[in-house]
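So this block is coords-v2.pdb, PDB, C-alpha atoms and all ligand atoms:
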```
MODEL        1
ATOM      1  CA  MET A   1     -16.084 -40.110  50.359  1.00  0.00           C
ATOM      2  CA  PRO A   2     -12.696 -40.312  48.662  1.00  0.00           C
ATOM      3  CA  ASP A   3     -13.880 -38.861  45.365  1.00  0.00           C
ATOM      4  CA  ALA A   4     -15.538 -35.935  47.090  1.00  0.00           C
ATOM      5  CA  MET A   5     -12.215 -34.990  48.674  1.00  0.00           C
ATOM      6  CA  ALA A   6     -10.375 -35.200  45.340  1.00  0.00           C
ATOM      7  CA  LEU A   7     -13.065 -33.064  43.746  1.00  0.00           C
ATOM      8  CA  LEU A   8     -12.871 -30.491  46.524  1.00  0.00           C
ATOM      9  CA  HIS A   9      -9.084 -30.408  46.125  1.00  0.00           C
ATOM     10  CA  ALA A  10      -9.470 -29.709  42.434  1.00  0.00           C
ATOM     11  CA  GLN A  11     -11.936 -26.890  43.146  1.00  0.00           C
ATOM     12  CA  CYS A  12      -9.679 -25.408  45.802  1.00  0.00           C
ATOM     13  CA  SER A  13      -6.624 -25.420  43.513  1.00  0.00           C
ATOM     14  CA  SER A  14      -7.669 -22.263  41.734  1.00  0.00           C
ATOM     15  CA  CYS A  15      -8.822 -20.412  44.871  1.00  0.00           C
ATOM     16  CA  GLN A  16      -8.113 -16.689  44.930  1.00  0.00           C
ATOM     17  CA  ASN A  17     -10.464 -15.832  47.788  1.00  0.00           C
ATOM     18  CA  CYS A  18      -7.764 -13.907  49.638  1.00  0.00           C
ATOM     19  CA  PRO A  19      -4.458 -12.210  48.769  1.00  0.00           C
ATOM     20  CA  LEU A  20      -2.423 -15.277  49.817  1.00  0.00           C
ATOM     21  CA  GLY A  21      -3.536 -16.913  46.577  1.00  0.00           C
ATOM     22  CA  LYS A  22      -1.293 -14.514  44.647  1.00  0.00           C
ATOM     23  CA  THR A  23       1.883 -15.212  46.592  1.00  0.00           C
ATOM     24  CA  ARG A  24       1.678 -18.987  47.025  1.00  0.00           C
ATOM     25  CA  THR A  25       3.931 -21.386  45.144  1.00  0.00           C
ATOM     26  CA  ASN A  26       1.565 -24.281  45.832  1.00  0.00           C
ATOM     27  CA  LEU A  27      -1.745 -24.622  47.529  1.00  0.00           C
ATOM     28  CA  VAL A  28      -1.446 -26.884  50.575  1.00  0.00           C
ATOM     29  CA  PHE A  29      -4.828 -28.567  50.611  1.00  0.00           C
ATOM     30  CA  GLY A  30      -4.207 -31.390  53.067  1.00  0.00           C
ATOM     31  CA  VAL A  31      -2.899 -34.910  53.180  1.00  0.00           C
ATOM     32  CA  GLY A  32      -4.057 -38.240  54.509  1.00  0.00           C
ATOM     33  CA  SER A  33      -6.842 -40.684  54.182  1.00  0.00           C
ATOM     34  CA  PRO A  34     -10.182 -39.419  52.879  1.00  0.00           C
ATOM     35  CA  THR A  35     -11.816 -41.872  55.281  1.00  0.00           C
ATOM     36  CA  ALA A  36      -9.777 -40.737  58.310  1.00  0.00           C
ATOM     37  CA  LYS A  37     -11.646 -40.236  61.567  1.00  0.00           C
ATOM     38  CA  ILE A  38      -8.911 -38.132  63.136  1.00  0.00           C
ATOM     39  CA  LEU A  39      -8.181 -34.714  61.698  1.00  0.00           C
ATOM     40  CA  PHE A  40      -5.115 -32.668  62.667  1.00  0.00           C
ATOM     41  CA  VAL A  41      -5.313 -28.959  61.939  1.00  0.00           C
ATOM     42  CA  GLY A  42      -2.314 -26.630  61.936  1.00  0.00           C
ATOM     43  CA  GLU A  43      -2.041 -22.953  61.267  1.00  0.00           C
ATOM     44  CA  GLY A  44      -0.838 -22.516  57.727  1.00  0.00           C
ATOM     45  CA  PRO A  45       1.914 -23.637  55.363  1.00  0.00           C
ATOM     46  CA  GLY A  46       5.512 -22.582  55.942  1.00  0.00           C
ATOM     47  CA  GLU A  47       8.248 -22.342  53.343  1.00  0.00           C
ATOM     48  CA  GLN A  48       8.763 -26.068  52.769  1.00  0.00           C
ATOM     49  CA  GLU A  49       5.032 -26.752  52.697  1.00  0.00           C
ATOM     50  CA  ASP A  50       4.551 -23.980  50.138  1.00  0.00           C
ATOM     51  CA  LEU A  51       7.318 -25.459  47.986  1.00  0.00           C
ATOM     52  CA  GLN A  52       6.119 -29.057  48.263  1.00  0.00           C
ATOM     53  CA  GLY A  53       2.340 -28.559  48.461  1.00  0.00           C
ATOM     54  CA  GLU A  54       2.003 -30.772  51.531  1.00  0.00           C
ATOM     55  CA  PRO A  55       1.330 -29.804  55.165  1.00  0.00           C
ATOM     56  CA  PHE A  56       3.947 -30.278  57.868  1.00  0.00           C
ATOM     57  CA  VAL A  57       6.901 -31.375  55.751  1.00  0.00           C
ATOM     58  CA  GLY A  58       9.498 -29.006  57.250  1.00  0.00           C
ATOM     59  CA  LYS A  59      11.253 -29.328  60.605  1.00  0.00           C
ATOM     60  CA  SER A  60       8.049 -29.059  62.613  1.00  0.00           C
ATOM     61  CA  GLY A  61       6.493 -31.703  60.377  1.00  0.00           C
ATOM     62  CA  GLN A  62       9.323 -34.096  61.180  1.00  0.00           C
ATOM     63  CA  LEU A  63       8.585 -33.592  64.851  1.00  0.00           C
ATOM     64  CA  LEU A  64       4.865 -34.115  64.256  1.00  0.00           C
ATOM     65  CA  ASP A  65       5.638 -37.386  62.448  1.00  0.00           C
ATOM     66  CA  LYS A  66       7.689 -38.482  65.452  1.00  0.00           C
ATOM     67  CA  TYR A  67       4.810 -37.845  67.876  1.00  0.00           C
ATOM     68  CA  LEU A  68       2.429 -39.630  65.529  1.00  0.00           C
ATOM     69  CA  SER A  69       4.705 -42.654  65.346  1.00  0.00           C
ATOM     70  CA  LEU A  70       4.912 -42.798  69.148  1.00  0.00           C
ATOM     71  CA  ILE A  71       1.207 -43.590  69.191  1.00  0.00           C
ATOM     72  CA  ASP A  72       1.339 -45.829  66.105  1.00  0.00           C
ATOM     73  CA  LEU A  73      -0.056 -43.333  63.643  1.00  0.00           C
ATOM     74  CA  ASP A  74       1.402 -42.129  60.389  1.00  0.00           C
ATOM     75  CA  ARG A  75       0.306 -39.783  57.679  1.00  0.00           C
ATOM     76  CA  SER A  76       0.164 -42.486  55.041  1.00  0.00           C
ATOM     77  CA  GLY A  77      -2.117 -44.738  57.107  1.00  0.00           C
ATOM     78  CA  SER A  78      -5.895 -44.847  57.003  1.00  0.00           C
ATOM     79  CA  LYS A  79      -6.598 -43.155  60.315  1.00  0.00           C
ATOM     80  CA  ILE A  80      -5.521 -39.549  59.933  1.00  0.00           C
ATOM     81  CA  TYR A  81      -5.842 -36.485  57.777  1.00  0.00           C
ATOM     82  CA  ILE A  82      -3.730 -33.328  58.179  1.00  0.00           C
ATOM     83  CA  ALA A  83      -4.802 -29.850  57.103  1.00  0.00           C
ATOM     84  CA  ASN A  84      -4.381 -26.209  58.087  1.00  0.00           C
ATOM     85  CA  ILE A  85      -6.550 -23.210  58.896  1.00  0.00           C
ATOM     86  CA  VAL A  86      -5.181 -21.435  55.809  1.00  0.00           C
ATOM     87  CA  LYS A  87      -4.127 -23.330  52.691  1.00  0.00           C
ATOM     88  CA  CYS A  88      -1.630 -20.816  51.346  1.00  0.00           C
ATOM     89  CA  ARG A  89       1.569 -19.609  52.987  1.00  0.00           C
ATOM     90  CA  PRO A  90       1.375 -16.268  54.799  1.00  0.00           C
ATOM     91  CA  PRO A  91       4.454 -14.215  53.801  1.00  0.00           C
ATOM     92  CA  HIS A  92       7.431 -14.652  56.156  1.00  0.00           C
ATOM     93  CA  ASN A  93       5.407 -17.213  58.134  1.00  0.00           C
ATOM     94  CA  ARG A  94       3.406 -14.539  59.908  1.00  0.00           C
ATOM     95  CA  ASP A  95       0.128 -15.513  61.583  1.00  0.00           C
ATOM     96  CA  PRO A  96      -2.759 -15.706  59.135  1.00  0.00           C
ATOM     97  CA  GLN A  97      -4.849 -12.541  59.274  1.00  0.00           C
ATOM     98  CA  LEU A  98      -8.491 -12.711  60.277  1.00  0.00           C
ATOM     99  CA  GLU A  99      -9.730 -12.010  56.723  1.00  0.00           C
ATOM    100  CA  GLU A 100      -7.434 -14.720  55.345  1.00  0.00           C
ATOM    101  CA  SER A 101      -8.631 -17.380  57.751  1.00  0.00           C
ATOM    102  CA  GLU A 102     -12.256 -16.255  57.247  1.00  0.00           C
ATOM    103  CA  ALA A 103     -11.802 -16.607  53.496  1.00  0.00           C
ATOM    104  CA  CYS A 104     -10.205 -20.039  53.832  1.00  0.00           C
ATOM    105  CA  MET A 105     -12.400 -21.627  56.513  1.00  0.00           C
ATOM    106  CA  PRO A 106     -15.153 -22.729  54.100  1.00  0.00           C
ATOM    107  CA  TRP A 107     -12.646 -25.133  52.516  1.00  0.00           C
ATOM    108  CA  LEU A 108     -11.782 -26.667  55.869  1.00  0.00           C
ATOM    109  CA  ARG A 109     -15.468 -26.879  56.786  1.00  0.00           C
ATOM    110  CA  LYS A 110     -16.092 -28.783  53.559  1.00  0.00           C
ATOM    111  CA  GLN A 111     -13.193 -31.124  54.347  1.00  0.00           C
ATOM    112  CA  VAL A 112     -14.748 -31.745  57.762  1.00  0.00           C
ATOM    113  CA  ARG A 113     -18.113 -32.447  56.165  1.00  0.00           C
ATOM    114  CA  ILE A 114     -16.520 -35.015  53.859  1.00  0.00           C
ATOM    115  CA  LEU A 115     -14.407 -36.707  56.527  1.00  0.00           C
ATOM    116  CA  ARG A 116     -16.918 -36.573  59.369  1.00  0.00           C
ATOM    117  CA  PRO A 117     -14.037 -36.944  61.870  1.00  0.00           C
ATOM    118  CA  ARG A 118     -14.656 -38.200  65.390  1.00  0.00           C
ATOM    119  CA  ILE A 119     -11.637 -36.296  66.704  1.00  0.00           C
ATOM    120  CA  ILE A 120     -10.057 -32.978  65.696  1.00  0.00           C
ATOM    121  CA  VAL A 121      -6.622 -32.197  67.126  1.00  0.00           C
ATOM    122  CA  CYS A 122      -5.722 -28.512  66.946  1.00  0.00           C
ATOM    123  CA  LEU A 123      -1.980 -28.014  66.576  1.00  0.00           C
ATOM    124  CA  GLY A 124      -1.246 -24.728  68.295  1.00  0.00           C
ATOM    125  CA  ARG A 125      -3.034 -21.591  69.372  1.00  0.00           C
ATOM    126  CA  ILE A 126      -4.224 -20.362  65.976  1.00  0.00           C
ATOM    127  CA  ALA A 127      -6.112 -23.578  65.177  1.00  0.00           C
ATOM    128  CA  ALA A 128      -7.419 -24.048  68.722  1.00  0.00           C
ATOM    129  CA  GLN A 129      -8.681 -20.468  68.971  1.00  0.00           C
ATOM    130  CA  ARG A 130     -10.313 -20.733  65.582  1.00  0.00           C
ATOM    131  CA  LEU A 131     -11.935 -24.148  66.038  1.00  0.00           C
ATOM    132  CA  MET A 132     -12.430 -24.502  69.785  1.00  0.00           C
ATOM    133  CA  ASP A 133     -12.547 -21.240  71.695  1.00  0.00           C
ATOM    134  CA  PRO A 134     -11.310 -17.732  70.834  1.00  0.00           C
ATOM    135  CA  ASP A 135      -9.766 -17.532  74.310  1.00  0.00           C
ATOM    136  CA  PHE A 136      -8.040 -20.925  74.152  1.00  0.00           C
ATOM    137  CA  ARG A 137      -4.698 -20.931  75.973  1.00  0.00           C
ATOM    138  CA  VAL A 138      -2.487 -23.850  74.938  1.00  0.00           C
ATOM    139  CA  THR A 139      -0.361 -23.896  78.084  1.00  0.00           C
ATOM    140  CA  ARG A 140      -3.471 -24.028  80.268  1.00  0.00           C
ATOM    141  CA  GLU A 141      -5.863 -26.208  78.262  1.00  0.00           C
ATOM    142  CA  HIS A 142      -3.705 -28.543  76.177  1.00  0.00           C
ATOM    143  CA  GLY A 143      -4.676 -32.199  76.183  1.00  0.00           C
ATOM    144  CA  GLN A 144      -8.253 -31.629  77.360  1.00  0.00           C
ATOM    145  CA  PHE A 145     -10.963 -33.079  75.153  1.00  0.00           C
ATOM    146  CA  ARG A 146     -14.294 -31.364  74.668  1.00  0.00           C
ATOM    147  CA  GLU A 147     -17.169 -32.543  72.574  1.00  0.00           C
ATOM    148  CA  LYS A 148     -18.922 -30.195  70.164  1.00  0.00           C
ATOM    149  CA  GLY A 149     -21.492 -31.323  67.618  1.00  0.00           C
ATOM    150  CA  GLY A 150     -20.465 -34.973  67.871  1.00  0.00           C
ATOM    151  CA  ILE A 151     -16.744 -34.253  67.393  1.00  0.00           C
ATOM    152  CA  TRP A 152     -14.119 -34.461  70.137  1.00  0.00           C
ATOM    153  CA  PHE A 153     -11.742 -31.486  70.011  1.00  0.00           C
ATOM    154  CA  MET A 154      -8.355 -31.287  71.680  1.00  0.00           C
ATOM    155  CA  GLY A 155      -5.700 -28.590  71.452  1.00  0.00           C
ATOM    156  CA  THR A 156      -2.006 -29.262  71.873  1.00  0.00           C
ATOM    157  CA  PHE A 157       1.302 -27.506  71.299  1.00  0.00           C
ATOM    158  CA  HIS A 158       2.296 -26.557  67.784  1.00  0.00           C
ATOM    159  CA  PRO A 159       5.378 -28.627  66.846  1.00  0.00           C
ATOM    160  CA  ALA A 160       7.243 -25.421  65.958  1.00  0.00           C
ATOM    161  CA  ALA A 161       6.656 -24.217  69.519  1.00  0.00           C
ATOM    162  CA  LEU A 162       8.092 -27.498  70.807  1.00  0.00           C
ATOM    163  CA  LEU A 163      11.199 -26.951  68.704  1.00  0.00           C
ATOM    164  CA  ARG A 164      11.649 -23.593  70.445  1.00  0.00           C
ATOM    165  CA  ASN A 165      10.747 -24.840  73.911  1.00  0.00           C
ATOM    166  CA  ALA A 166      11.827 -28.429  74.518  1.00  0.00           C
ATOM    167  CA  ALA A 167      10.541 -28.285  78.109  1.00  0.00           C
ATOM    168  CA  GLN A 168       6.999 -28.666  76.738  1.00  0.00           C
ATOM    169  CA  LYS A 169       7.777 -31.896  74.907  1.00  0.00           C
ATOM    170  CA  LYS A 170       6.756 -34.164  77.738  1.00  0.00           C
ATOM    171  CA  ASP A 171       3.379 -32.401  78.027  1.00  0.00           C
ATOM    172  CA  ALA A 172       2.941 -32.824  74.281  1.00  0.00           C
ATOM    173  CA  LEU A 173       3.699 -36.525  74.576  1.00  0.00           C
ATOM    174  CA  ALA A 174       1.055 -36.838  77.298  1.00  0.00           C
ATOM    175  CA  ASP A 175      -1.423 -35.111  74.952  1.00  0.00           C
ATOM    176  CA  PHE A 176      -0.694 -37.643  72.208  1.00  0.00           C
ATOM    177  CA  GLN A 177      -1.135 -40.455  74.714  1.00  0.00           C
ATOM    178  CA  ALA A 178      -4.472 -38.904  75.703  1.00  0.00           C
ATOM    179  CA  LEU A 179      -5.356 -38.935  72.011  1.00  0.00           C
ATOM    180  CA  ARG A 180      -4.549 -42.635  71.866  1.00  0.00           C
ATOM    181  CA  ASP A 181      -6.782 -43.235  74.892  1.00  0.00           C
ATOM    182  CA  LYS A 182      -9.611 -41.269  73.279  1.00  0.00           C
ATOM    183  CA  MET A 183      -9.191 -43.332  70.096  1.00  0.00           C
ATOM    184  CA  ALA A 184      -9.519 -46.514  72.165  1.00  0.00           C
ATOM    185  CA  GLN A 185     -12.609 -45.144  73.894  1.00  0.00           C
ATOM    186  CA  LEU A 186     -14.201 -44.362  70.532  1.00  0.00           C
ATOM    187  CA  ASN A 187     -13.220 -47.732  69.035  1.00  0.00           C
ATOM    188  CA  LEU A 188     -10.947 -46.108  66.495  1.00  0.00           C
ATOM    189  CA  LEU A 189      -7.944 -48.361  67.063  1.00  0.00           C
ATOM    190  CA  ASP A 190      -9.051 -51.386  65.069  1.00  0.00           C
ATOM    191  CA  GLY A 191      -8.371 -51.911  61.394  1.00  0.00           C
ATOM    192  CA  GLY A 192      -5.995 -50.101  58.956  1.00  0.00           C
TER     193      GLY A 192
HETATM  194  N1  LIG B   1       3.022 -25.191  60.416  1.00  0.00           N
HETATM  195  C1  LIG B   1       1.696 -25.332  60.267  1.00  0.00           C
HETATM  196  O1  LIG B   1       0.911 -24.867  61.081  1.00  0.00           O
HETATM  197  N2  LIG B   1       1.267 -26.035  59.218  1.00  0.00           N
HETATM  198  C2  LIG B   1       2.077 -26.572  58.330  1.00  0.00           C
HETATM  199  O2  LIG B   1       1.591 -27.196  57.395  1.00  0.00           O
HETATM  200  C3  LIG B   1       3.463 -26.421  58.518  1.00  0.00           C
HETATM  201  C4  LIG B   1       3.908 -25.726  59.565  1.00  0.00           C
ENDMDL
END
```

As structure tokens, how would this structure be written, given the file I've shared?
Ligand code: URA
Amino acid sequence: MPDAMALLHAQCSSCQNCPLGKTRTNLVFGVGSPTAKILFVGEGPGEQEDLQGEPFVGKSGQLLDKYLSLIDLDRSGSKIYIANIVKCRPPHNRDPQLEESEACMPWLRKQVRILRPRIIVCLGRIAAQRLMDPDFRVTREHGQFREKGGIWFMGTFHPAALLRNAAQKKDALADFQALRDKMAQLNLLDGG
């Protein structure tokens, strides 16, 4: 439903449902294919994302792109879509507050309804706790897929965490390889 996503983006552009709407430079709605079956969800825009209006374009985004390329994915292809729990930058890159993510979640839910993804990859604790399990612990549960309502969810390390702790990079790579295996299992490797 490509048009539905463009329409939703247009509606979201004027959102002032929480105080982050007042301090944003740009709304960071999401990027990728409106027919993607794999959705990556981060936490919220950082400085570069706020300036450019696109998710994961700063240093952690470069690392995300590298992991994607290792399993033959890229953000301009037809297979993936990238979004965040909150669409506006929290000041000083703090964690989004509960009221902010509550206010923003309806937009993400609508994106999910349009995409109907088969797989949702949660990048980091904030997304995994919000979408998978409030007690999710990345170090303990990363890379494990669970099915909920016809969607396979997996949580992995946030790329910014990997930049701080390089020792976790090989676990993150294994998670991306597990994603590739899950894509094969679900017949998502063919075409585009
Ligand atoms: N970190 C996130 O969680 N999302 C972005 O878009 C950028 C950095």

_I'd like the interatomic distance between CA of Arg137 in chain A and CA of Asp95 in chain A, to a tenth of an Å._
16.1 Å

_Since I can't run it myself right now, could you work out what the PyMOL selection byres (((chain A and resi 174) around 12) and not hetatm) selects here and report it as a ChimeraX atom specification?_
/A:67,70-71,142-144,156-157,168-173,175-181

_List as a PyMOL selection string the protein and nucleic acid residues lying within 6 Å of ligand LIG 1 (chain B), with only C-alpha atoms and all ligand atoms counted._
chain A and resi 42-46+49+55-56+84

*Enter the distance from CA of Gly61 in chain A to CA of Leu123 in chain A, in Å, rounded to one decimal.*
11.1 Å

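For the file shown, the residue list from the PyMOL selection byres (((chain A and resi 78) around 7) and not hetatm) reads Ser33, Thr35, Ala36, Ser76, Gly77, Lys79, Ile80 and Gly192 of chain A.
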
*Up to 12 Å from (4.6, -14.9, 55.0) in the file's coordinates: name the residues, counting only C-alpha atoms, as a PyMOL selection string.*
chain A and resi 19-25+44-47+50+86+88-97

How would the residues just picked look written out with C-alpha atoms as an mmCIF file, keeping the file's coordinate frame?
```
data_model
loop_
_atom_site.group_PDB
_atom_site.id
_atom_site.type_symbol
_atom_site.label_atom_id
_atom_site.label_comp_id
_atom_site.auth_asym_id
_atom_site.auth_seq_id
_atom_site.Cartn_x
_atom_site.Cartn_y
_atom_site.Cartn_z
ATOM 1 C CA PRO A 19 -4.458 -12.210 48.769
ATOM 2 C CA LEU A 20 -2.423 -15.277 49.817
ATOM 3 C CA GLY A 21 -3.536 -16.913 46.577
ATOM 4 C CA LYS A 22 -1.293 -14.514 44.647
ATOM 5 C CA THR A 23 1.883 -15.212 46.592
ATOM 6 C CA ARG A 24 1.678 -18.987 47.025
ATOM 7 C CA THR A 25 3.931 -21.386 45.144
ATOM 8 C CA GLY A 44 -0.838 -22.516 57.727
ATOM 9 C CA PRO A 45 1.914 -23.637 55.363
ATOM 10 C CA GLY A 46 5.512 -22.582 55.942
ATOM 11 C CA GLU A 47 8.248 -22.342 53.343
ATOM 12 C CA ASP A 50 4.551 -23.980 50.138
ATOM 13 C CA VAL A 86 -5.181 -21.435 55.809
ATOM 14 C CA CYS A 88 -1.630 -20.816 51.346
ATOM 15 C CA ARG A 89 1.569 -19.609 52.987
ATOM 16 C CA PRO A 90 1.375 -16.268 54.799
ATOM 17 C CA PRO A 91 4.454 -14.215 53.801
ATOM 18 C CA HIS A 92 7.431 -14.652 56.156
ATOM 19 C CA ASN A 93 5.407 -17.213 58.134
ATOM 20 C CA ARG A 94 3.406 -14.539 59.908
ATOM 21 C CA ASP A 95 0.128 -15.513 61.583
ATOM 22 C CA PRO A 96 -2.759 -15.706 59.135
ATOM 23 C CA GLN A 97 -4.849 -12.541 59.274
#
```

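Evaluated against this file, the PyMOL selection byres (((chain A and resi 105-119) around 8) and not hetatm) yields Met1, Ala4, Met5, Leu8, Cys12, Pro34, Thr35, Ala36, Lys37, Ile38, Leu39, Ala83, Asn84, Ile85, Val86, Ser101, Glu102, Ala103, Cys104, Ile120, Val121, Gly150, Ile151, Trp152, Phe153 and Met154 of chain A.
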
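Taking CA of Arg125 in chain A as the reference point, CA of Leu98 in chain A is found at 13.8 Å.
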
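Of the residues under consideration (A:Ala167, A:Leu64, A:Val41, A:Leu186), A:Val41 shows the shortest atom-to-atom contact distance to Cys122 in chain A when counting only C-alpha atoms.
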